[in-house]
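Student: my_file12.pdb is reproduced in full below (PDB, C-alpha atoms).
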ATOM      1  CA  MET A  12     -20.373 -11.567  14.968
ATOM      2  CA  MET A  13     -21.714  -9.423  12.133
ATOM      3  CA  ARG A  14     -18.202  -8.184  11.398
ATOM      4  CA  TYR A  15     -16.916 -11.728  10.917
ATOM      5  CA  LEU A  16     -19.894 -12.626   8.725
ATOM      6  CA  ALA A  17     -19.239  -9.544   6.594
ATOM      7  CA  ALA A  18     -15.558 -10.497   6.253
ATOM      8  CA  LEU A  19     -16.549 -14.045   5.273
ATOM      9  CA  ALA A  20     -18.981 -12.695   2.670
ATOM     10  CA  VAL A  21     -16.234 -10.502   1.188
ATOM     11  CA  LEU A  22     -13.834 -13.461   1.004
ATOM     12  CA  VAL A  23     -16.458 -15.618  -0.710
ATOM     13  CA  GLY A  24     -17.132 -12.779  -3.136
ATOM     14  CA  PHE A  25     -13.443 -12.479  -4.004
ATOM     15  CA  ALA A  26     -13.166 -16.265  -4.344
ATOM     16  CA  ILE A  27     -15.965 -16.582  -6.915
ATOM     17  CA  MET A  28     -15.327 -13.294  -8.716
ATOM     18  CA  PRO A  29     -13.053 -14.657 -11.499
ATOM     19  CA  GLU A  30     -15.844 -17.021 -12.517
ATOM     20  CA  VAL A  31     -18.341 -14.219 -13.152
ATOM     21  CA  ILE A  32     -16.216 -11.413 -14.630
ATOM     22  CA  GLY A  33     -14.176 -11.164 -17.809
ATOM     23  CA  GLU A  34     -10.402 -11.566 -18.034
ATOM     24  CA  TYR A  35      -9.868  -7.800 -18.327
ATOM     25  CA  TYR A  36     -11.569  -7.258 -14.973
ATOM     26  CA  VAL A  37      -9.608 -10.127 -13.441
ATOM     27  CA  GLU A  38      -6.446  -8.195 -14.350
ATOM     28  CA  ILE A  39      -7.949  -5.069 -12.787
ATOM     29  CA  MET A  40      -8.716  -7.024  -9.607
ATOM     30  CA  ILE A  41      -5.132  -8.310  -9.461
ATOM     31  CA  LEU A  42      -3.874  -4.736  -9.589
ATOM     32  CA  PHE A  43      -6.533  -3.730  -7.043
ATOM     33  CA  MET A  44      -5.348  -6.316  -4.514
ATOM     34  CA  ILE A  45      -1.696  -5.340  -5.005
ATOM     35  CA  ASN A  46      -2.711  -1.734  -4.364
ATOM     36  CA  LEU A  47      -4.527  -2.818  -1.189
ATOM     37  CA  ILE A  48      -1.242  -4.166   0.186
ATOM     38  CA  LEU A  49       0.570  -0.992  -0.873
ATOM     39  CA  ALA A  50      -1.975   1.411   0.660
ATOM     40  CA  SER A  51      -2.416  -0.575   3.873
ATOM     41  CA  SER A  52       1.341  -0.733   4.427
ATOM     42  CA  PHE A  53       1.587   3.024   3.790
ATOM     43  CA  ARG A  54      -0.964   3.642   6.547
ATOM     44  CA  LEU A  55       1.385   1.983   9.043
ATOM     45  CA  ILE A  56       3.785   4.935   8.635
ATOM     46  CA  THR A  57       1.010   7.475   9.115
ATOM     47  CA  THR A  58      -0.110   5.951  12.425
ATOM     48  CA  CYS A  59       2.906   7.556  14.118
ATOM     49  CA  GLY A  60       2.411  10.854  12.284
ATOM     50  CA  ASP A  61       4.920  10.408   9.450
ATOM     51  CA  TRP A  62       3.984  10.873   5.795
ATOM     52  CA  SER A  63       6.478   9.579   3.257
ATOM     53  CA  LEU A  64       6.937  10.361  -0.433
ATOM     54  CA  SER A  65       9.138   7.331  -1.069
ATOM     55  CA  HIS A  66       6.791   4.423  -0.386
ATOM     56  CA  VAL A  67       6.344   3.394  -4.026
ATOM     57  CA  VAL A  68      10.154   3.323  -4.340
ATOM     58  CA  PHE A  69      10.189   0.463  -1.832
ATOM     59  CA  MET A  70       7.647  -1.276  -4.021
ATOM     60  CA  GLY A  71      10.209  -0.834  -6.804
ATOM     61  CA  VAL A  72      12.985  -2.253  -4.622
ATOM     62  CA  GLY A  73      10.967  -5.443  -4.178
ATOM     63  CA  ALA A  74      10.235  -5.597  -7.901
ATOM     64  CA  TYR A  75      13.880  -5.130  -8.920
ATOM     65  CA  ALA A  76      15.124  -7.550  -6.261
ATOM     66  CA  THR A  77      12.890 -10.384  -7.451
ATOM     67  CA  ALA A  78      13.675  -9.587 -11.103
ATOM     68  CA  LEU A  79      17.447  -9.694 -10.548
ATOM     69  CA  LEU A  80      17.316 -12.892  -8.512
ATOM     70  CA  ALA A  81      14.983 -14.631 -10.966
ATOM     71  CA  LYS A  82      16.582 -13.442 -14.201
ATOM     72  CA  PHE A  83      20.301 -13.609 -13.416
ATOM     73  CA  LEU A  84      20.476 -16.250 -10.679
ATOM     74  CA  GLY A  85      17.528 -18.402 -11.728
ATOM     75  CA  TRP A  86      15.834 -18.238  -8.333
ATOM     76  CA  PRO A  87      12.168 -19.291  -8.244
ATOM     77  CA  PHE A  88       9.428 -16.919  -7.113
ATOM     78  CA  TRP A  89       9.034 -18.805  -3.833
ATOM     79  CA  GLY A  90      12.652 -17.980  -2.975
ATOM     80  CA  THR A  91      12.564 -14.346  -4.047
ATOM     81  CA  VAL A  92       9.272 -13.118  -2.622
ATOM     82  CA  LEU A  93      10.456 -12.820   0.982
ATOM     83  CA  LEU A  94      13.904 -11.605  -0.073
ATOM     84  CA  GLY A  95      12.228  -8.890  -2.135
ATOM     85  CA  GLY A  96      10.360  -7.744   0.952
ATOM     86  CA  MET A  97      13.498  -7.954   3.095
ATOM     87  CA  ALA A  98      15.497  -5.915   0.571
ATOM     88  CA  SER A  99      12.821  -3.223   0.725
ATOM     89  CA  ALA A 100      12.886  -3.283   4.533
ATOM     90  CA  VAL A 101      16.676  -2.821   4.594
ATOM     91  CA  ILE A 102      16.585   0.045   2.079
ATOM     92  CA  GLY A 103      13.682   1.543   4.018
ATOM     93  CA  LEU A 104      15.747   1.460   7.205
ATOM     94  CA  ALA A 105      18.659   3.132   5.393
ATOM     95  CA  VAL A 106      16.337   5.842   4.060
ATOM     96  CA  VAL A 107      14.580   6.587   7.350
ATOM     97  CA  PHE A 108      17.706   6.670   9.531
ATOM     98  CA  PRO A 109      18.825  10.202   8.517
ATOM     99  CA  LEU A 110      15.201  11.404   8.682
ATOM    100  CA  LEU A 111      14.531  10.496  12.311
ATOM    101  CA  ARG A 112      15.475  13.996  13.476
ATOM    102  CA  THR A 113      12.853  15.526  11.193
ATOM    103  CA  LYS A 114       9.075  15.695  11.411
ATOM    104  CA  GLY A 115       6.199  16.879   9.266
ATOM    105  CA  PHE A 116       7.157  18.701   6.078
ATOM    106  CA  GLY A 117      10.872  18.036   6.590
ATOM    107  CA  PHE A 118      10.280  14.284   6.801
ATOM    108  CA  PHE A 119       7.927  14.448   3.807
ATOM    109  CA  ILE A 120      10.420  16.203   1.510
ATOM    110  CA  GLY A 121      13.442  14.342   2.863
ATOM    111  CA  SER A 122      11.817  10.981   2.141
ATOM    112  CA  PHE A 123      11.104  12.129  -1.415
ATOM    113  CA  ALA A 124      14.736  13.174  -1.970
ATOM    114  CA  LEU A 125      16.211   9.924  -0.652
ATOM    115  CA  GLY A 126      13.633   7.795  -2.458
ATOM    116  CA  GLU A 127      14.306   9.618  -5.714
ATOM    117  CA  PHE A 128      18.028   8.971  -5.213
ATOM    118  CA  VAL A 129      17.300   5.238  -5.104
ATOM    119  CA  ARG A 130      15.045   5.413  -8.170
ATOM    120  CA  LEU A 131      17.634   7.342 -10.202
ATOM    121  CA  ILE A 132      20.146   4.548  -9.589
ATOM    122  CA  TRP A 133      17.825   2.248 -11.549
ATOM    123  CA  VAL A 134      17.518   4.831 -14.322
ATOM    124  CA  LYS A 135      21.241   5.621 -14.651
ATOM    125  CA  PHE A 136      22.694   2.113 -14.474
ATOM    126  CA  HIS A 137      21.868   0.058 -17.554
ATOM    127  CA  PHE A 138      23.478  -2.969 -15.949
ATOM    128  CA  PRO A 139      21.961  -4.652 -14.124
ATOM    129  CA  PHE A 140      18.827  -2.480 -13.813
ATOM    130  CA  GLY A 141      18.157  -1.840 -17.510
ATOM    131  CA  GLY A 142      18.358   1.950 -17.306
ATOM    132  CA  PRO A 143      15.336   4.101 -18.181
ATOM    133  CA  ARG A 144      13.799   1.255 -20.189
ATOM    134  CA  GLY A 145      13.685  -0.999 -17.164
ATOM    135  CA  MET A 146      13.907  -4.783 -17.203
ATOM    136  CA  ILE A 147      12.083  -7.329 -19.323
ATOM    137  CA  GLY A 148      11.916 -11.102 -19.447
ATOM    138  CA  ILE A 149      11.160 -11.721 -15.777
ATOM    139  CA  PRO A 150      10.431 -15.469 -15.528
ATOM    140  CA  SER A 151       6.888 -16.546 -14.755
ATOM    141  CA  ILE A 152       6.027 -18.404 -11.558
ATOM    142  CA  GLU A 153       6.262 -22.180 -11.622
ATOM    143  CA  LEU A 154       4.326 -24.547  -9.368
ATOM    144  CA  SER A 155       3.475 -28.074 -10.467
ATOM    145  CA  ASP A 156       1.166 -27.904 -13.514
ATOM    146  CA  ILE A 157      -0.385 -24.531 -12.607
ATOM    147  CA  ASP A 158       0.142 -21.886 -15.289
ATOM    148  CA  PHE A 159       0.499 -18.605 -13.405
ATOM    149  CA  TYR A 160       0.889 -16.772 -16.695
ATOM    150  CA  GLU A 161      -2.897 -17.056 -16.951
ATOM    151  CA  ALA A 162      -4.873 -14.373 -15.134
ATOM    152  CA  ILE A 163      -7.125 -16.559 -12.976
ATOM    153  CA  PRO A 164      -4.411 -18.691 -11.281
ATOM    154  CA  TYR A 165      -2.399 -15.531 -10.632
ATOM    155  CA  TYR A 166      -5.512 -13.858  -9.212
ATOM    156  CA  TYR A 167      -5.853 -16.564  -6.555
ATOM    157  CA  LEU A 168      -2.129 -16.384  -5.748
ATOM    158  CA  VAL A 169      -2.354 -12.614  -5.212
ATOM    159  CA  LEU A 170      -5.553 -13.101  -3.184
ATOM    160  CA  LEU A 171      -3.715 -15.423  -0.773
ATOM    161  CA  PHE A 172      -0.837 -12.959  -0.386
ATOM    162  CA  THR A 173      -3.269 -10.072   0.092
ATOM    163  CA  ILE A 174      -5.168 -11.904   2.841
ATOM    164  CA  ALA A 175      -1.905 -12.805   4.599
ATOM    165  CA  CYS A 176      -0.413  -9.296   4.356
ATOM    166  CA  LEU A 177      -3.591  -7.518   5.449
ATOM    167  CA  ALA A 178      -4.076  -9.953   8.332
ATOM    168  CA  ILE A 179      -0.544  -9.271   9.616
ATOM    169  CA  LEU A 180      -0.912  -5.504   9.226
ATOM    170  CA  TYR A 181      -4.272  -5.660  11.005
ATOM    171  CA  ARG A 182      -2.752  -7.568  13.913
ATOM    172  CA  ILE A 183       0.037  -4.986  14.136
ATOM    173  CA  ASP A 184      -2.584  -2.230  14.233
ATOM    174  CA  LEU A 185      -4.348  -3.910  17.179
ATOM    175  CA  SER A 186      -1.155  -4.895  18.999
ATOM    176  CA  ARG A 187       0.811  -3.021  21.644
ATOM    177  CA  THR A 188       3.120  -1.785  18.891
ATOM    178  CA  GLY A 189       0.176  -0.276  17.043
ATOM    179  CA  LYS A 190      -1.007   1.450  20.209
ATOM    180  CA  VAL A 191       2.490   2.843  20.834
ATOM    181  CA  LEU A 192       2.646   4.249  17.287
ATOM    182  CA  LYS A 193      -0.696   5.974  17.814
ATOM    183  CA  ALA A 194       0.523   7.346  21.142
ATOM    184  CA  ILE A 195       3.564   8.827  19.385
ATOM    185  CA  TYR A 196       1.245  10.486  16.894
ATOM    186  CA  ALA A 197      -0.965  11.864  19.675
ATOM    187  CA  ASP A 198       1.901  13.347  21.726
ATOM    188  CA  GLU A 199       5.509  12.572  20.846
ATOM    189  CA  ASP A 200       7.008  14.491  23.791
ATOM    190  CA  LEU A 201       4.771  12.748  26.317
ATOM    191  CA  SER A 202       5.628   9.386  24.739
ATOM    192  CA  ARG A 203       9.322  10.098  25.323
ATOM    193  CA  CYS A 204       8.639  11.110  28.912
ATOM    194  CA  ILE A 205       7.017   7.766  29.722
ATOM    195  CA  GLY A 206       9.993   5.853  28.317
ATOM    196  CA  ILE A 207       8.983   5.083  24.720
ATOM    197  CA  ASN A 208      11.919   4.994  22.308
ATOM    198  CA  VAL A 209      10.252   7.163  19.661
ATOM    199  CA  ALA A 210      13.047   6.928  17.083
ATOM    200  CA  ARG A 211      13.117   3.129  17.272
ATOM    201  CA  TYR A 212       9.364   2.788  16.810
ATOM    202  CA  ARG A 213       9.301   5.279  13.914
ATOM    203  CA  ALA A 214      12.143   3.410  12.204
ATOM    204  CA  MET A 215      10.441   0.068  12.793
ATOM    205  CA  ALA A 216       7.142   1.313  11.330
ATOM    206  CA  PHE A 217       8.933   2.661   8.271
ATOM    207  CA  SER A 218      10.931  -0.529   7.717
ATOM    208  CA  VAL A 219       7.964  -2.888   8.222
ATOM    209  CA  SER A 220       5.809  -0.824   5.872
ATOM    210  CA  ALA A 221       8.622  -0.946   3.296
ATOM    211  CA  PHE A 222       8.711  -4.754   3.636
ATOM    212  CA  PHE A 223       5.055  -5.081   2.642
ATOM    213  CA  ALA A 224       5.482  -2.529  -0.150
ATOM    214  CA  GLY A 225       8.274  -4.773  -1.426
ATOM    215  CA  ILE A 226       5.947  -7.782  -1.391
ATOM    216  CA  ALA A 227       3.494  -5.765  -3.502
ATOM    217  CA  GLY A 228       6.340  -4.966  -5.900
ATOM    218  CA  VAL A 229       7.273  -8.640  -6.231
ATOM    219  CA  LEU A 230       3.685  -9.544  -7.127
ATOM    220  CA  LEU A 231       3.490  -6.702  -9.654
ATOM    221  CA  ALA A 232       6.799  -7.562 -11.330
ATOM    222  CA  HIS A 233       5.927 -11.220 -11.862
ATOM    223  CA  ARG A 234       2.520 -10.313 -13.272
ATOM    224  CA  LEU A 235       3.832  -7.757 -15.749
ATOM    225  CA  GLY A 236       6.960  -9.735 -16.631
ATOM    226  CA  ALA A 237       8.770  -6.405 -16.891
ATOM    227  CA  ILE A 238       9.722  -3.383 -14.791
ATOM    228  CA  ASP A 239       9.549   0.277 -15.786
ATOM    229  CA  PRO A 240      11.180   2.720 -13.323
ATOM    230  CA  LYS A 241       8.452   5.226 -14.194
ATOM    231  CA  ASN A 242       6.012   2.962 -12.334
ATOM    232  CA  PHE A 243       7.717   4.007  -9.093
ATOM    233  CA  ASP A 244       8.082   7.755  -9.610
ATOM    234  CA  VAL A 245       6.437  10.667  -7.808
ATOM    235  CA  ASN A 246       3.338  10.498 -10.043
ATOM    236  CA  THR A 247       2.515   7.028  -8.719
ATOM    237  CA  MET A 248       3.254   8.228  -5.196
ATOM    238  CA  VAL A 249       0.750  11.067  -5.579
ATOM    239  CA  TYR A 250      -1.945   8.557  -6.567
ATOM    240  CA  LEU A 251      -1.126   6.526  -3.442
ATOM    241  CA  VAL A 252      -1.454   9.636  -1.265
ATOM    242  CA  ILE A 253      -4.828  10.392  -2.897
ATOM    243  CA  TRP A 254      -6.084   6.857  -2.164
ATOM    244  CA  VAL A 255      -5.098   7.159   1.482
ATOM    245  CA  VAL A 256      -6.442  10.709   1.932
ATOM    246  CA  VAL A 257      -9.772   9.825   0.291
ATOM    247  CA  GLY A 258     -10.170   6.700   2.422
ATOM    248  CA  GLY A 259      -8.761   8.192   5.601
ATOM    249  CA  VAL A 260      -6.157   6.878   8.023
ATOM    250  CA  GLY A 261      -8.291   6.938  11.165
ATOM    251  CA  SER A 262      -8.870   3.197  10.983
ATOM    252  CA  PHE A 263      -7.314   0.185   9.285
ATOM    253  CA  TRP A 264     -10.116   0.083   6.707
ATOM    254  CA  GLY A 265      -9.778   3.666   5.487
ATOM    255  CA  PRO A 266      -7.031   3.155   2.862
ATOM    256  CA  LEU A 267      -8.776   0.013   1.600
ATOM    257  CA  ILE A 268     -11.945   2.044   1.026
ATOM    258  CA  GLY A 269      -9.890   4.748  -0.675
ATOM    259  CA  VAL A 270      -8.256   2.299  -3.097
ATOM    260  CA  ALA A 271     -11.624   0.771  -4.015
ATOM    261  CA  VAL A 272     -13.350   4.119  -4.575
ATOM    262  CA  MET A 273     -10.515   5.782  -6.482
ATOM    263  CA  MET A 274      -9.869   2.787  -8.742
ATOM    264  CA  LEU A 275     -13.571   2.793  -9.623
ATOM    265  CA  VAL A 276     -13.357   6.531 -10.315
ATOM    266  CA  GLY A 277     -10.228   5.948 -12.391
ATOM    267  CA  GLU A 278     -11.917   3.320 -14.548
ATOM    268  CA  ALA A 279     -15.033   5.475 -14.985
ATOM    269  CA  ALA A 280     -12.879   8.485 -15.905
ATOM    270  CA  ARG A 281     -10.726   6.587 -18.427
ATOM    271  CA  PRO A 282     -12.355   8.435 -21.394
ATOM    272  CA  LEU A 283     -11.004  11.699 -19.940
ATOM    273  CA  ALA A 284      -7.478  10.534 -20.832
ATOM    274  CA  GLU A 285      -4.979  13.315 -19.989
ATOM    275  CA  TRP A 286      -7.618  15.181 -17.953
ATOM    276  CA  ARG A 287      -7.768  12.448 -15.309
ATOM    277  CA  PRO A 288      -4.912  13.865 -13.186
ATOM    278  CA  LEU A 289      -6.832  17.139 -12.994
ATOM    279  CA  LEU A 290      -9.885  15.248 -11.724
ATOM    280  CA  PHE A 291      -7.840  13.415  -9.088
ATOM    281  CA  GLY A 292      -6.194  16.660  -8.012
ATOM    282  CA  GLY A 293      -9.611  18.241  -7.556
ATOM    283  CA  ILE A 294     -10.789  15.262  -5.493
ATOM    284  CA  LEU A 295      -7.690  15.548  -3.285
ATOM    285  CA  ILE A 296      -8.319  19.263  -2.660
ATOM    286  CA  VAL A 297     -11.986  18.634  -1.834
ATOM    287  CA  PHE A 298     -11.157  15.949   0.719
ATOM    288  CA  LEU A 299      -8.314  17.909   2.319
ATOM    289  CA  THR A 300     -10.552  20.943   2.818
ATOM    290  CA  LEU A 301     -14.016  19.490   3.422
ATOM    291  CA  LEU A 302     -13.432  15.955   4.717
ATOM    292  CA  PRO A 303      -9.857  15.661   6.043
ATOM    293  CA  GLY A 304     -10.711  12.433   7.847
ATOM    294  CA  GLY A 305     -11.647  10.731   4.569
ATOM    295  CA  LEU A 306     -14.598   8.496   3.773
ATOM    296  CA  ASP A 307     -13.893   6.383   6.834
ATOM    297  CA  SER A 308     -14.609   9.354   9.120
ATOM    298  CA  LEU A 309     -17.812  10.071   7.195
ATOM    299  CA  MET A 310     -18.986   6.508   7.766
ATOM    300  CA  SER A 311     -18.169   6.850  11.477
ATOM    301  CA  LYS A 312     -20.246  10.031  11.678
ATOM    302  CA  VAL A 313     -23.178   8.307   9.976
ATOM    303  CA  ARG A 314     -22.961   5.415  12.462
ATOM    304  CA  GLU A 315     -22.897   7.858  15.380
ATOM    305  CA  MET A 316     -25.986   9.647  14.048
ATOM    306  CA  LEU A 317     -27.838   6.350  13.629
ATOM    307  CA  ASP A 318     -26.834   5.217  17.134
ATOM    308  CA  LYS A 319     -27.984   8.544  18.579
ATOM    309  CA  ARG A 320     -31.356   8.302  16.841
ATOM    310  CA  THR A 321     -31.775   4.742  18.079
ATOM    311  CA  ALA A 322     -30.923   5.810  21.638
ATOM    312  CA  ASP A 323     -33.342   8.753  21.468
ATOM    313  CA  GLY A 324     -36.091   6.468  20.189
ATOM    314  CA  THR A 325     -35.467   4.000  23.003
ATOM    315  CA  GLU A 326     -35.673   6.757  25.631
ATOM    316  CA  LYS A 327     -39.011   7.959  24.251
ATOM    317  CA  ILE A 328     -40.431   4.452  24.470
TER     318      ILE A 328
END
Could you render the structure from this file as structure tokens?
Tutor:
Amino acid sequence: MMRYLAALAVLVGFAIMPEVIGEYYVEIMILFMINLILASSFRLITTCGDWSLSHVVFMGVGAYATALLAKFLGWPFWGTVLLGGMASAVIGLAVVFPLLRTKGFGFFIGSFALGEFVRLIWVKFHFPFGGPRGMIGIPSIELSDIDFYEAIPYYYLVLLFTIACLAILYRIDLSRTGKVLKAIYADEDLSRCIGINVARYRAMAFSVSAFFAGIAGVLLAHRLGAIDPKNFDVNTMVYLVIWVVVGGVGSFWGPLIGVAVMMLVGEAARPLAEWRPLLFGGILIVFLTLLPGGLDSLMSKVREMLDKRTADGTEKI
């Protein structure tokens, strides 16, 4: 019951937030929610033990897909958003297929190489992708008299998509599929022995996660009105890995915590300018060595300690 009340309180907080913060912070919150979708979808891959260095590329696939459909074919946002996600899922399936025989470091580096191949296509081909300068003039979203060019209407649109995407990913995490992915992570050989098609489930997790990354890319492209291929390079991918490592992948909420904490740190460290990557690198090293389970595992340990103290106190009484 308390969990549902907490979730309701968070939703109410997000709903009234644009009314109490400035426009600059509304823009930050839009980016924050897009990053929540990106990080949560990335966790889906990690549940079966795979870590990818190409996830932000699938975000780029969604962004370019919606931009091409909207700019050259005149398709509205409502027709491109799902196609952007589907394009990312298809490219994700093509990328993961040759990697299914690899694990660990091999999968990690292989995903980077194939993802970078996709990104370099955008950079090298000026038509239709705009080359290294990217694409500009992406049409804004149209719906009745609502002006989605303004920050607040777009905030509520992204909020709805974020709720929907996180709800679906959460259901997947609790479903039989989610349990199978975790079983593969726990013992891949045993999973094969009991009849689980490991390759199929790994490919499915990768493709579904790419779909939601594509949705995040669609939302980002229509907010910025332009696409820069540098937004989907390895530097952005490293930030995503830091968010997930800091939050932890032990539960669904870990990456969400990581995004919130690291975006706050990023805003606070803005005066450091070019020194910020050094700060983030230091944070990553600290968490990998001292708290590999992330903040989520720390919170679990605190809850266990509190429960133990409560139980001890009850026994004494």
Student: List the residues matched by the PyMOL selection byres ((chain A and resi 131) around 12) in the displayed structure as number ranges by chain, ordered by chain and then by residue number.
Tutor: A: 68, 71, 123-130, 132-137, 140-143, 145, 240-241, 243-245
Student: Tell me which protein, DNA and RNA residues are within 9 Å of Phe172 in chain A, counting only C-alpha atoms, leaving out same-chain ones fewer than 5 positions away, and put them as an mmCIF file with C-alpha atoms, in the coordinates of the input.
Tutor:
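Writing the result to out-v2.cif gives the following:
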data_model
loop_
_atom_site.group_PDB
_atom_site.id
_atom_site.type_symbol
_atom_site.label_atom_id
_atom_site.label_comp_id
_atom_site.auth_asym_id
_atom_site.auth_seq_id
_atom_site.Cartn_x
_atom_site.Cartn_y
_atom_site.Cartn_z
ATOM 1 C CA ILE A 45 -1.696 -5.340 -5.005
ATOM 2 C CA ILE A 48 -1.242 -4.166 0.186
ATOM 3 C CA TYR A 167 -5.853 -16.564 -6.555
ATOM 4 C CA LEU A 177 -3.591 -7.518 5.449
ATOM 5 C CA ILE A 226 5.947 -7.782 -1.391
ATOM 6 C CA ALA A 227 3.494 -5.765 -3.502
ATOM 7 C CA LEU A 230 3.685 -9.544 -7.127
#
Student: Can you list, as a VMD selection string, the residues that the PyMOL selection byres ((chain A and resi 163) around 12) selects here?
Tutor: chain A and resid 25 to 41 157 to 162 164 to 170 234
Student: Would you translate the PyMOL selection byres ((chain A and resi 249) around 12) into the concrete set of residues it matches in this file, as a CSV table (one decimal) with C-alpha atoms, keeping the file's coordinate frame?
Tutor:
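Saved result, selection_32.csv, follows:
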chain,number,residue,atom,x,y,z
A,50,ALA,CA,-2.0,1.4,0.7
A,62,TRP,CA,4.0,10.9,5.8
A,63,SER,CA,6.5,9.6,3.3
A,64,LEU,CA,6.9,10.4,-0.4
A,65,SER,CA,9.1,7.3,-1.1
A,66,HIS,CA,6.8,4.4,-0.4
A,67,VAL,CA,6.3,3.4,-4.0
A,123,PHE,CA,11.1,12.1,-1.4
A,242,ASN,CA,6.0,3.0,-12.3
A,243,PHE,CA,7.7,4.0,-9.1
A,244,ASP,CA,8.1,7.8,-9.6
A,245,VAL,CA,6.4,10.7,-7.8
A,246,ASN,CA,3.3,10.5,-10.0
A,247,THR,CA,2.5,7.0,-8.7
A,248,MET,CA,3.3,8.2,-5.2
A,250,TYR,CA,-1.9,8.6,-6.6
A,251,LEU,CA,-1.1,6.5,-3.4
A,252,VAL,CA,-1.5,9.6,-1.3
A,253,ILE,CA,-4.8,10.4,-2.9
A,254,TRP,CA,-6.1,6.9,-2.2
A,255,VAL,CA,-5.1,7.2,1.5
A,256,VAL,CA,-6.4,10.7,1.9
A,288,PRO,CA,-4.9,13.9,-13.2
A,291,PHE,CA,-7.8,13.4,-9.1
A,292,GLY,CA,-6.2,16.7,-8.0
A,295,LEU,CA,-7.7,15.5,-3.3
Student: So that I can see what lies close to range 96-110 of chain A, please list as a ChimeraX atom specification the residues with an atom at most 10 Å from it, counting all atoms listed in the file and leaving out residues fewer than 3 positions away in the same chain.
Tutor: /A:63,65-66,68-77,91-93,113-114,117-126,128-129,210-211,213-229
Student: Calculate how many Å separate CA of Trp264 in chain A from CA of Glu278 in chain A, rounding to one decimal.
Tutor: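 CA of Glu278 in chain A lies at a distance of 21.6 Å from CA of Trp264 in chain A.
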Student: Would you mind telling me which residue in A:Asp239, A:Glu153, A:Asp307, A:Asp200 lies nearest to Ala81 in chain A when using all atoms listed in the file?
Tutor: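 With all atoms listed in the file as the atom set, the closest residue is A:Glu153.
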Student: In Å, with one decimal, what is the gap from CA of Ile149 in chain A to CA of Ala175 in chain A?
Tutor: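 Answer for the CA of Ile149 in chain A to CA of Ala175 in chain A separation: 24.2 Å.
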Student: Would you work out the distance separating CA of Val209 in chain A from CA of Arg187 in chain A, expressed in Å to one decimal?
Tutor: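 Taking CA of Val209 in chain A and CA of Arg187 in chain A, their separation equals 14.0 Å.
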Student: Pick from A:Met44, A:Leu19, A:Val260, A:Leu49: nearest to Pro303 in chain A, with all atoms listed in the file counted?
Tutor: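 Looking at the shortest contact to Pro303 in chain A, the residue is A:Val260.
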Student: Give the answer as one residue: which of A:Ile183, A:Ala17, A:Leu22, A:Leu80 has the shortest atom-to-atom distance to Leu55 in chain A, using only C-alpha atoms?
Tutor: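 Counting only C-alpha atoms, the residue closest to Leu55 in chain A is A:Ile183.
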Student: Select, from A:Phe53, A:Leu16, A:Gly115, A:Leu201, the residue with the minimum atom-to-atom distance to Gly265 in chain A, counting only C-alpha atoms.
Tutor: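 Closest residue, counting only C-alpha atoms: A:Phe53.
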Student: Which centre and edge lengths in Å to one decimal define the box along x, y and z that fits every listed atom of range 175-194 of chain A plus 3 Å per side, as lines of an AutoDock Vina configuration file?
Tutor:
center_x = -0.6
center_y = -2.7
center_z = 13.0
size_x = 13.5
size_y = 26.2
size_z = 23.3
Student: Restricting the calculation to only C-alpha atoms: of A:Pro139, A:Asn208, A:Gly236, A:Leu180, which residue gets closest to Ser151 in chain A?
Tutor: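 Result for the nearest residue to Ser151 in chain A: A:Gly236.
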